[in-house]
Structure formats: structure tokens, C-alpha cells
>>> print(open('coords.csv').read())   # CSV, C-alpha atoms
chain,number,residue,atom,x,y,z
J,790,MET,CA,5.6,5.3,-0.4
J,791,LYS,CA,7.9,3.1,-2.4
J,792,GLY,CA,8.0,1.7,-5.9
J,793,PHE,CA,4.7,3.1,-7.2
J,794,LYS,CA,5.1,3.6,-10.9
J,795,PHE,CA,5.1,0.5,-12.9
J,796,SER,CA,8.1,1.6,-14.9
J,797,PHE,CA,10.2,1.8,-11.7
J,798,ILE,CA,9.6,-1.8,-10.5
J,799,LEU,CA,9.7,-5.2,-11.9
J,800,ILE,CA,6.5,-7.0,-11.0
J,801,VAL,CA,7.7,-10.6,-11.2
J,802,PHE,CA,7.3,-12.2,-7.8
J,803,LEU,CA,9.5,-15.3,-8.2
J,804,THR,CA,9.7,-15.8,-4.5
J,805,MET,CA,8.5,-19.4,-4.9
J,806,ILE,CA,11.7,-20.3,-6.7
J,807,LEU,CA,13.2,-23.6,-5.5
J,808,SER,CA,16.1,-25.5,-6.8
J,809,ALA,CA,15.8,-26.4,-10.5
J,810,CYS,CA,14.1,-29.6,-11.5
J,811,ASN,CA,11.5,-30.3,-14.2
J,812,LYS,CA,11.4,-27.1,-16.3
J,813,GLU,CA,8.2,-28.2,-18.1
J,814,GLU,CA,6.0,-25.6,-19.7
J,815,VAL,CA,2.2,-26.0,-19.5
J,816,GLU,CA,0.2,-24.4,-22.2
J,817,GLN,CA,-3.0,-22.6,-21.5
J,818,THR,CA,-6.1,-24.6,-22.3
J,819,GLY,CA,-9.8,-23.6,-22.5
J,820,GLU,CA,-11.1,-20.2,-21.6
J,821,PRO,CA,-8.6,-17.8,-19.9
J,822,MET,CA,-9.0,-17.6,-16.2
J,823,GLU,CA,-10.4,-14.4,-14.7
J,824,PRO,CA,-8.2,-13.0,-12.0
J,825,GLU,CA,-11.0,-13.3,-9.4
J,826,GLU,CA,-11.1,-17.1,-10.1
J,827,LEU,CA,-7.5,-17.7,-9.2
J,828,SER,CA,-7.9,-18.2,-5.4
J,829,THR,CA,-10.9,-20.6,-5.9
J,830,ASN,CA,-9.0,-22.7,-8.4
J,831,PHE,CA,-5.9,-22.7,-6.3
J,832,LEU,CA,-7.8,-23.7,-3.1
J,833,ASN,CA,-9.7,-26.4,-5.0
J,834,GLY,CA,-6.4,-28.0,-6.1
J,835,ASP,CA,-6.7,-27.1,-9.8
J,836,TYR,CA,-3.0,-26.4,-9.9
J,837,GLU,CA,-2.5,-27.2,-13.6
J,838,LYS,CA,-5.2,-24.7,-14.5
J,839,VAL,CA,-3.6,-22.0,-12.5
J,840,TYR,CA,0.0,-22.9,-13.6
J,841,GLY,CA,-1.1,-22.9,-17.2
J,842,GLU,CA,-2.1,-19.2,-16.8
J,843,THR,CA,1.4,-18.2,-15.7
J,844,SER,CA,4.0,-16.6,-17.9
J,845,LYS,CA,6.8,-18.6,-19.6
J,846,GLU,CA,9.3,-16.8,-17.4
J,847,PHE,CA,7.5,-18.0,-14.3
J,848,GLN,CA,7.3,-21.5,-15.6
J,849,LYS,CA,11.1,-21.5,-16.3
J,850,GLU,CA,11.7,-20.9,-12.6
J,851,VAL,CA,9.0,-23.0,-11.0
J,852,SER,CA,7.9,-26.4,-12.3
J,853,LEU,CA,4.4,-27.7,-12.2
J,854,GLU,CA,5.4,-30.4,-9.7
J,855,GLN,CA,7.0,-27.7,-7.4
J,856,PHE,CA,3.9,-25.5,-7.8
J,857,ARG,CA,1.6,-28.4,-6.8
J,858,GLU,CA,3.7,-29.4,-3.8
J,859,LEU,CA,3.7,-25.8,-2.6
J,860,GLY,CA,0.0,-25.4,-3.1
J,861,GLU,CA,-0.9,-28.6,-1.3
J,862,ASP,CA,1.2,-27.6,1.7
J,863,PHE,CA,0.0,-24.0,1.8
J,864,ASN,CA,-3.7,-24.9,1.5
J,865,GLN,CA,-3.8,-27.0,4.6
J,866,ASP,CA,-6.3,-25.8,7.1
J,867,VAL,CA,-7.6,-23.1,4.7
J,868,SER,CA,-11.3,-23.0,4.1
J,869,THR,CA,-11.5,-19.9,1.9
J,870,TYR,CA,-9.4,-17.1,0.5
J,871,GLU,CA,-10.9,-13.6,0.5
J,872,LEU,CA,-10.0,-10.9,-2.0
J,873,GLN,CA,-8.5,-7.9,-0.1
J,874,SER,CA,-7.4,-5.5,-2.8
J,875,GLU,CA,-6.9,-4.7,-6.5
J,876,LEU,CA,-4.1,-2.4,-7.3
J,877,PRO,CA,-3.6,-1.2,-10.9
J,878,TYR,CA,-0.2,-0.5,-12.4
J,879,GLY,CA,-1.2,1.8,-15.3
J,880,GLU,CA,-2.7,-0.2,-18.2
J,881,GLU,CA,0.0,-2.8,-18.0
J,882,ALA,CA,-1.0,-4.9,-15.0
J,883,THR,CA,-3.1,-5.3,-11.9
J,884,GLN,CA,-2.1,-6.8,-8.6
J,885,TYR,CA,-4.6,-8.8,-6.6
J,886,VAL,CA,-4.2,-9.7,-2.9
J,887,TRP,CA,-6.1,-12.5,-1.0
J,888,THR,CA,-5.9,-13.6,2.6
J,889,ASP,CA,-7.3,-16.8,4.1
J,890,ASP,CA,-10.1,-16.7,6.6
J,891,SER,CA,-7.8,-16.7,9.6
J,892,GLY,CA,-5.6,-13.8,8.2
J,893,SER,CA,-2.5,-16.0,8.7
J,894,LYS,CA,-1.8,-16.8,5.0
J,895,GLY,CA,-1.7,-14.5,2.0
J,896,MET,CA,-1.4,-14.6,-1.7
J,897,ILE,CA,-0.4,-11.9,-4.3
J,898,ALA,CA,-0.9,-12.4,-8.1
J,899,VAL,CA,0.0,-9.9,-10.8
J,900,PHE,CA,-2.0,-10.2,-14.0
J,901,ASP,CA,-0.9,-8.4,-17.2
J,902,GLU,CA,-3.4,-6.8,-19.6
J,903,ASN,CA,-3.9,-10.3,-21.3
J,904,ASN,CA,-4.7,-11.9,-18.0
J,905,ILE,CA,-1.4,-13.8,-17.9
J,906,ILE,CA,0.0,-14.3,-14.4
J,907,GLN,CA,3.3,-12.5,-14.4
J,908,GLY,CA,4.0,-13.1,-10.7
J,909,LEU,CA,2.5,-15.2,-7.9
J,910,GLN,CA,3.6,-15.1,-4.3
J,911,ILE,CA,2.3,-17.1,-1.3
J,912,MET,CA,3.4,-16.5,2.2
J,913,PRO,CA,2.5,-16.8,5.9
J,914,LEU,CA,1.4,-13.5,7.5
J,915,THR,CA,2.4,-12.2,10.9
J,916,LYS,CA,-0.6,-10.8,12.9
J,917,TYR,CA,-0.6,-8.4,15.8
J,918,PRO,CA,-4.1,-9.0,17.3
J,919,ASP,CA,-3.6,-6.9,20.4
J,920,THR,CA,-3.1,-3.7,18.4
J,921,ASP,CA,-5.1,-4.8,15.3
J,922,ASP,CA,-8.2,-4.6,17.5
J,923,THR,CA,-7.4,-1.3,19.2
J,924,TYR,CA,-8.6,1.9,17.5
J,925,THR,CA,-8.2,5.6,18.2
J,926,GLU,CA,-10.6,7.4,20.5
J,927,THR,CA,-10.5,10.3,18.1
J,928,ILE,CA,-12.7,10.0,15.0
J,929,PHE,CA,-10.7,11.2,12.0
J,930,ASP,CA,-11.6,12.5,8.6
J,931,PHE,CA,-9.2,12.1,5.6
J,932,PRO,CA,-6.6,14.8,5.3
J,933,PHE,CA,-7.7,15.9,1.9
J,934,ASP,CA,-10.7,17.0,-0.3
J,935,ASP,CA,-11.9,15.2,-3.4
J,936,GLN,CA,-11.2,11.6,-4.3
J,937,TRP,CA,-8.0,9.9,-3.4
J,938,PHE,CA,-6.7,6.4,-3.9
J,939,VAL,CA,-5.4,4.2,-1.0
J,940,PHE,CA,-2.1,2.8,-2.3
J,941,TRP,CA,-0.9,1.4,1.0
J,942,GLY,CA,-3.2,0.7,3.9
J,943,GLY,CA,-4.7,-2.2,5.9
J,944,ALA,CA,-3.8,-4.6,8.7
J,945,ASN,CA,-1.4,-7.0,6.9
J,946,SER,CA,1.9,-6.6,5.1
J,947,LEU,CA,0.6,-7.5,1.7
J,948,VAL,CA,-1.7,-4.5,1.5
J,949,ASN,CA,0.4,-2.2,3.7
J,950,TYR,CA,4.2,-2.4,3.8
J,951,HIS,CA,4.2,-0.2,6.9
J,952,TYR,CA,2.6,-3.1,8.9
J,953,GLU,CA,6.0,-4.6,9.7
J,954,TYR,CA,7.1,-1.4,11.6
J,955,GLU,CA,5.5,-0.8,15.0
J,956,ASN,CA,5.9,2.9,14.8
J,957,GLN,CA,3.8,3.2,11.6
J,958,ARG,CA,2.0,-0.1,11.5
J,959,TYR,CA,-1.4,1.4,10.6
J,960,ALA,CA,-0.2,4.1,8.3
J,961,TYR,CA,-1.8,5.1,5.0
J,962,ASP,CA,-0.3,6.4,1.7
J,963,PHE,CA,-2.8,8.2,-0.5
J,964,VAL,CA,-2.3,9.3,-4.2
J,965,VAL,CA,-4.6,10.8,-6.8
J,966,MET,CA,-5.4,8.5,-9.7
J,967,ASP,CA,-6.9,9.0,-13.1
J,968,ASP,CA,-7.2,6.2,-15.7
J,969,ASN,CA,-5.2,3.9,-13.4
J,970,SER,CA,-2.3,6.4,-13.3
J,971,SER,CA,-1.1,8.9,-10.7
J,972,PHE,CA,0.5,11.2,-13.3
J,973,GLU,CA,0.3,12.6,-16.8
J,974,GLY,CA,3.3,13.7,-18.9
J,975,ASP,CA,6.9,13.5,-17.8
J,976,PRO,CA,7.1,11.0,-14.8
J,977,SER,CA,10.3,12.6,-13.6
J,978,LEU,CA,8.6,15.9,-12.8
J,979,ASN,CA,6.7,16.5,-9.6
J,980,GLU,CA,4.3,18.8,-11.4
J,981,SER,CA,3.2,15.8,-13.6
J,982,TYR,CA,1.5,14.1,-10.5
J,983,TYR,CA,-2.1,14.8,-9.8
J,984,ALA,CA,-1.4,14.9,-6.0
J,985,TYR,CA,1.3,17.5,-6.2
J,986,GLY,CA,0.3,20.9,-4.7
J,987,LYS,CA,-3.1,19.7,-3.5
J,988,ASP,CA,-4.4,21.0,-0.2
J,989,TYR,CA,-3.2,18.9,2.8
J,990,LEU,CA,-5.8,19.2,5.6
J,991,ALA,CA,-6.0,18.6,9.3
J,992,PRO,CA,-7.8,15.2,9.9
J,993,ALA,CA,-9.1,16.2,13.3
J,994,ASP,CA,-9.0,19.0,15.9
J,995,GLY,CA,-5.7,19.3,17.6
J,996,THR,CA,-2.6,21.3,18.5
J,997,VAL,CA,0.5,21.6,16.3
J,998,VAL,CA,3.4,20.1,18.2
J,999,GLY,CA,5.9,19.5,15.4
J,1000,VAL,CA,6.7,21.1,12.1
J,1001,GLU,CA,9.4,20.8,9.5
J,1002,ASN,CA,9.1,23.0,6.4
J,1003,ASP,CA,12.5,23.4,4.8
J,1004,VAL,CA,13.2,20.0,3.1
J,1005,LYS,CA,13.4,20.2,-0.7
J,1006,ASP,CA,11.1,18.1,-2.8
J,1007,ASN,CA,12.8,15.1,-4.4
J,1008,GLU,CA,13.8,15.8,-8.0
J,1009,PRO,CA,13.7,13.9,-10.3
J,1010,VAL,CA,10.8,11.9,-9.1
J,1011,GLY,CA,12.1,8.4,-8.0
J,1012,THR,CA,15.0,9.7,-6.0
J,1013,MET,CA,14.4,9.6,-2.3
J,1014,ASN,CA,15.8,11.4,0.8
J,1015,GLU,CA,16.5,8.7,3.3
J,1016,ASP,CA,18.3,11.1,5.6
J,1017,GLN,CA,15.1,13.0,6.3
J,1018,PRO,CA,12.5,10.3,5.9
J,1019,MET,CA,9.4,12.3,6.9
J,1020,GLY,CA,10.5,15.3,4.7
J,1021,ASN,CA,8.3,18.3,5.6
J,1022,TYR,CA,5.8,17.3,8.2
J,1023,VAL,CA,3.2,18.3,10.7
J,1024,ILE,CA,2.5,16.5,14.0
J,1025,LEU,CA,-0.8,17.1,15.7
J,1026,ASP,CA,-1.7,16.4,19.3
J,1027,HIS,CA,-5.3,15.3,19.6
J,1028,GLY,CA,-5.3,14.4,23.3
J,1029,ASN,CA,-5.8,10.8,24.6
J,1030,GLU,CA,-2.1,10.2,23.7
J,1031,GLU,CA,-3.0,10.3,20.0
J,1032,TYR,CA,-0.8,12.1,17.6
J,1033,SER,CA,-1.2,12.5,13.9
J,1034,TYR,CA,1.8,12.2,11.7
J,1035,LEU,CA,1.3,13.9,8.3
J,1036,ALA,CA,4.4,13.8,6.1
J,1037,HIS,CA,5.9,14.7,2.7
J,1038,PHE,CA,4.6,18.2,2.4
J,1039,LYS,CA,5.7,20.5,-0.4
J,1040,PHE,CA,8.8,22.5,0.3
J,1041,GLN,CA,7.9,25.6,2.4
J,1042,SER,CA,4.2,25.2,1.9
J,1043,ILE,CA,3.2,24.5,5.5
J,1044,GLU,CA,1.1,27.3,6.9
J,1045,VAL,CA,0.9,26.4,10.6
J,1046,LYS,CA,3.5,26.6,13.4
J,1047,GLU,CA,4.0,24.8,16.7
J,1048,GLY,CA,1.5,25.8,19.3
J,1049,ASP,CA,-1.3,26.6,16.7
J,1050,LYS,CA,-4.8,25.2,17.4
J,1051,VAL,CA,-6.4,23.7,14.3
J,1052,LYS,CA,-9.8,22.4,13.5
J,1053,LYS,CA,-10.7,19.4,11.3
J,1054,GLY,CA,-10.4,20.4,7.7
J,1055,ASP,CA,-8.1,23.4,8.3
J,1056,LEU,CA,-5.4,23.9,5.6
J,1057,LEU,CA,-2.0,22.7,6.9
J,1058,GLY,CA,0.0,23.1,3.7
J,1059,LEU,CA,0.3,21.5,0.3
J,1060,VAL,CA,1.1,17.9,-0.8
J,1061,GLY,CA,4.7,17.4,-1.9
J,1062,ASN,CA,7.4,14.9,-2.5
J,1063,SER,CA,9.9,15.5,0.3
J,1064,GLY,CA,11.7,12.9,2.4
J,1065,ASN,CA,11.7,9.2,1.8
J,1066,SER,CA,9.0,9.5,-0.9
J,1067,SER,CA,9.0,7.9,-4.4
J,1068,GLU,CA,6.4,10.3,-5.7
J,1069,PRO,CA,4.0,13.1,-4.5
J,1070,HIS,CA,1.5,11.6,-2.0
J,1071,ILE,CA,0.1,11.9,1.5
J,1072,HIS,CA,1.4,9.8,4.3
J,1073,PHE,CA,-0.9,9.7,7.4
J,1074,HIS,CA,-0.7,7.7,10.6
J,1075,VAL,CA,-1.5,8.1,14.3
J,1076,ALA,CA,0.8,7.0,17.1
J,1077,ASN,CA,0.8,7.2,20.9
J,1078,SER,CA,3.6,9.8,21.3
J,1079,MET,CA,5.4,12.6,19.3
J,1080,ASP,CA,8.6,10.5,19.1
J,1081,PRO,CA,8.6,9.2,15.5
J,1082,ILE,CA,10.9,6.3,16.3
J,1083,ALA,CA,9.8,5.1,19.7
J,1084,SER,CA,6.1,5.7,19.3
J,1085,LYS,CA,3.6,2.9,18.6
J,1086,SER,CA,1.1,3.2,15.8
J,1087,ILE,CA,-2.7,3.1,16.5
J,1088,ARG,CA,-5.3,1.9,14.1
J,1089,ILE,CA,-7.3,4.9,12.9
J,1090,THR,CA,-11.1,5.3,13.5
J,1091,PHE,CA,-12.4,7.0,10.4
J,1092,ASP,CA,-15.7,8.7,10.1
J,1093,GLN,CA,-17.2,5.9,8.1
J,1094,LYS,CA,-18.4,2.3,8.6
J,1095,ASP,CA,-16.1,0.4,6.2
J,1096,GLU,CA,-12.5,-0.3,6.8
J,1097,VAL,CA,-10.1,1.6,4.6
J,1098,ILE,CA,-7.7,-0.7,2.7
J,1099,GLN,CA,-5.4,-0.7,-0.3
J,1100,GLY,CA,-7.2,-0.3,-3.5
J,1101,ASP,CA,-10.1,1.8,-2.1
J,1102,THR,CA,-11.0,5.2,-3.5
J,1103,VAL,CA,-12.0,7.5,-0.7
J,1104,LYS,CA,-13.2,11.1,-0.4
>>> encode(input="coords.csv", output="C-alpha cells")
Amino acid sequence: MKGFKFSFILIVFLTMILSACNKEEVEQTGEPMEPEELSTNFLNGDYEKVYGETSKEFQKEVSLEQFRELGEDFNQDVSTYELQSELPYGEEATQYVWTDDSGSKGMIAVFDENNIIQGLQIMPLTKYPDTDDTYTETIFDFPFDDQWFVFWGGANSLVNYHYEYENQRYAYDFVVMDDNSSFEGDPSLNESYYAYGKDYLAPADGTVVGVENDVKDNEPVGTMNEDQPMGNYVILDHGNEEYSYLAHFKFQSIEVKEGDKVKKGDLLGLVGNSGNSSEPHIHFHVANSMDPIASKSIRITFDQKDEVIQGDTVK
């Protein structure tokens, strides 16, 4: 998982920047716009209303004329935008993601605590319908107890950065949240994070076919080990050419070894912050082989009716 803590990333999506022209500023008028209203106002062509809710920094980079031209072009052939996820960044801001009815266009907006739009990004979305509609034969549980928050997960790149990579396209990153934060105290310490040291469980019956247990946890939090991206991990073979990849375990906490048979819910180890990880969390995906690079990710069938997507709280 990358860039989780608000203090470590700058949430100003000025990706609509064009060459400079009118740098006019539009003052807010009337009642502030609720975040949920943005997509409707944008689709209805009320560009001045939306633009008037953006920050001064945004308006210095994108003029109202540019914003209107971009909107008119982007909204062609769109009948509706559907809210996909809400992602809090502490008390400072919340990110909202919408996609159009075809799933081919997406929009991200970041509102601060005063409902000022600090960033707005619109983009075409790449879809992979053949694999998006293919699910695992194995029915999986979540690899944890209690309530966890889906930080990355879903079938587009706005809600799931893994989606661009075939080998982990349908991966999930889970954290533990309390009051819109994943930690309390010193953010540089692994022990400050609610997820750190939690039980990491087998999501389905299987055989252990891969283990790494000797990668140190990243310290201070925010540094990442790109040379050993999975950190400490367990790979489980569930049959049907379906393999679970469970990554970023705590250093020397894994309690299983290759060849062990495990049942759904068995303890594998403890949640850590090893590998290419920006903070303690669970990474879970399923693929069609035990080759982490050459394998192809498979969309996970969970033991519940609803799809699991960024912003959900699951247990």
C-alpha cells in the first residue's frame, strides 16, 4: 500500500492543468455544495457552481473556461455518474470516486473539512472485461477477525491502484481504522498502527507452498523495501489453479511452513510492515500460479453478496 497517511501525500490533483490562460477566480455563491452533489452538478453542466467550490490554488492552475471545455468534452455520452467510494484522510479531507454507467470514465474529488474541493481529476478508465467477469471457484473469507477497512480494492484504477498490474489486478489492501485514522501516537512507529501485530488468518482451506519469514519490518514507517516487495509472505494452494498471496507479515511471526495443510481461519502469523509497504496492513490477492511475477490475478469470490470495494468496512 502506498501513500496512506495524509501527512505523507499532497492531495492536490492538478492533472487537468493546461497551458495558462485566463487565471480568473470564481467566488463561492449560495449554499456550499455537498460532496455527493458534485457529480450531478458536473454532469448537468453547472460548471461555474462546481468551479466556485474549488480552492484558490486549483483556480490559479485551471481557468473556468478550461474547466468548462474539459467538462463538456468529458460528459459526452455519459448518462450518470455513480459514487464508488469515500476514503477519509484523517480529519483533514475525504476523497470521493465516481465512475460513469459504462465504467469507462472516472472522476476523483478531494474535499477538505470545509467542503472546499482541493483536487479534482477526470480520466478515461481502462477495463478488462474478460477477467473482470471471472471469479475464483474457491469461496474466500477475509484473512482477519474484527472490522477492517478496505483502503485499496475494486475493479478500476481509481479505487485500486493494483488494477493496472495483471499479476495483482484484483488485490486488496486492508487497514484498521478508528476515527478516520489508522494509527494513534507517533506515526513513525509500527506499534502506533492499529493493524500491527493483529492475527493474520488463512482465508480458505489450502496447502502452504511458499513462505518468507525473515524480512525486517520497515522502520521508520514510510520507508519501503522495494528489493523485497512482498516482505514476509505466505502463498496457499487452494486447488483449481488458485493461489492466495498474503504479504507484509511481521518479521519472524509466521507460524506455518511449506507443506502444511491449513483450514479457513487458521492463524498464519501476525500483520506487519515488511516489504514494499508504507504502513502495517494486509495485502491479499489470488492468482493462477505461484509465480508472483508471471501469474494472473483472479477476482475473489467472498462469502458475502456485496462486492468489496475501497471505502468499505468489512468483518
>>> atom_distance(input="coords.csv", atom1="atom CA of Ser893 of chain J", atom2="atom CA of Val948 of chain J")
13.6 Å
>>> closest_residue(input="coords.csv", among="J:Ala944, J:Asp1016, J:Asp994, J:Val964", to="Asp930 of chain J", atoms="only C-alpha atoms")
J:Asp994
>>> closest_residue(input="coords.csv", among="J:Ile906, J:Met896, J:Val851, J:Leu1035", to="Thr883 of chain J", atoms="all atoms listed in the file")
J:Ile906
>>> closest_residue(input="coords.csv", among="J:Asn956, J:Glu875, J:Ile928, J:Leu978", to="Ala1083 of chain J", atoms="only C-alpha atoms")
J:Asn956
>>> closest_residue(input="coords.csv", among="J:Ser1084, J:Gln848, J:Ser1033, J:Ser1067", to="Gly995 of chain J", atoms="all atoms listed in the file")
J:Ser1033
>>> closest_residue(input="coords.csv", among="J:Val998, J:Leu947, J:Leu853, J:Met1019", to="Lys1050 of chain J", atoms="all atoms listed in the file")
J:Val998
>>> residues_near_point(input="coords.csv", point="(2.5, -26.2, -5.9)", cutoff="10 Å", atoms="all atoms listed in the file", output="JSON, numbers by chain")
{"J": [805, 831, 834, 836, 837, 839, 840, 851, 852, 853, 854, 855, 856, 857, 858, 859, 860, 861, 862, 863, 864]}
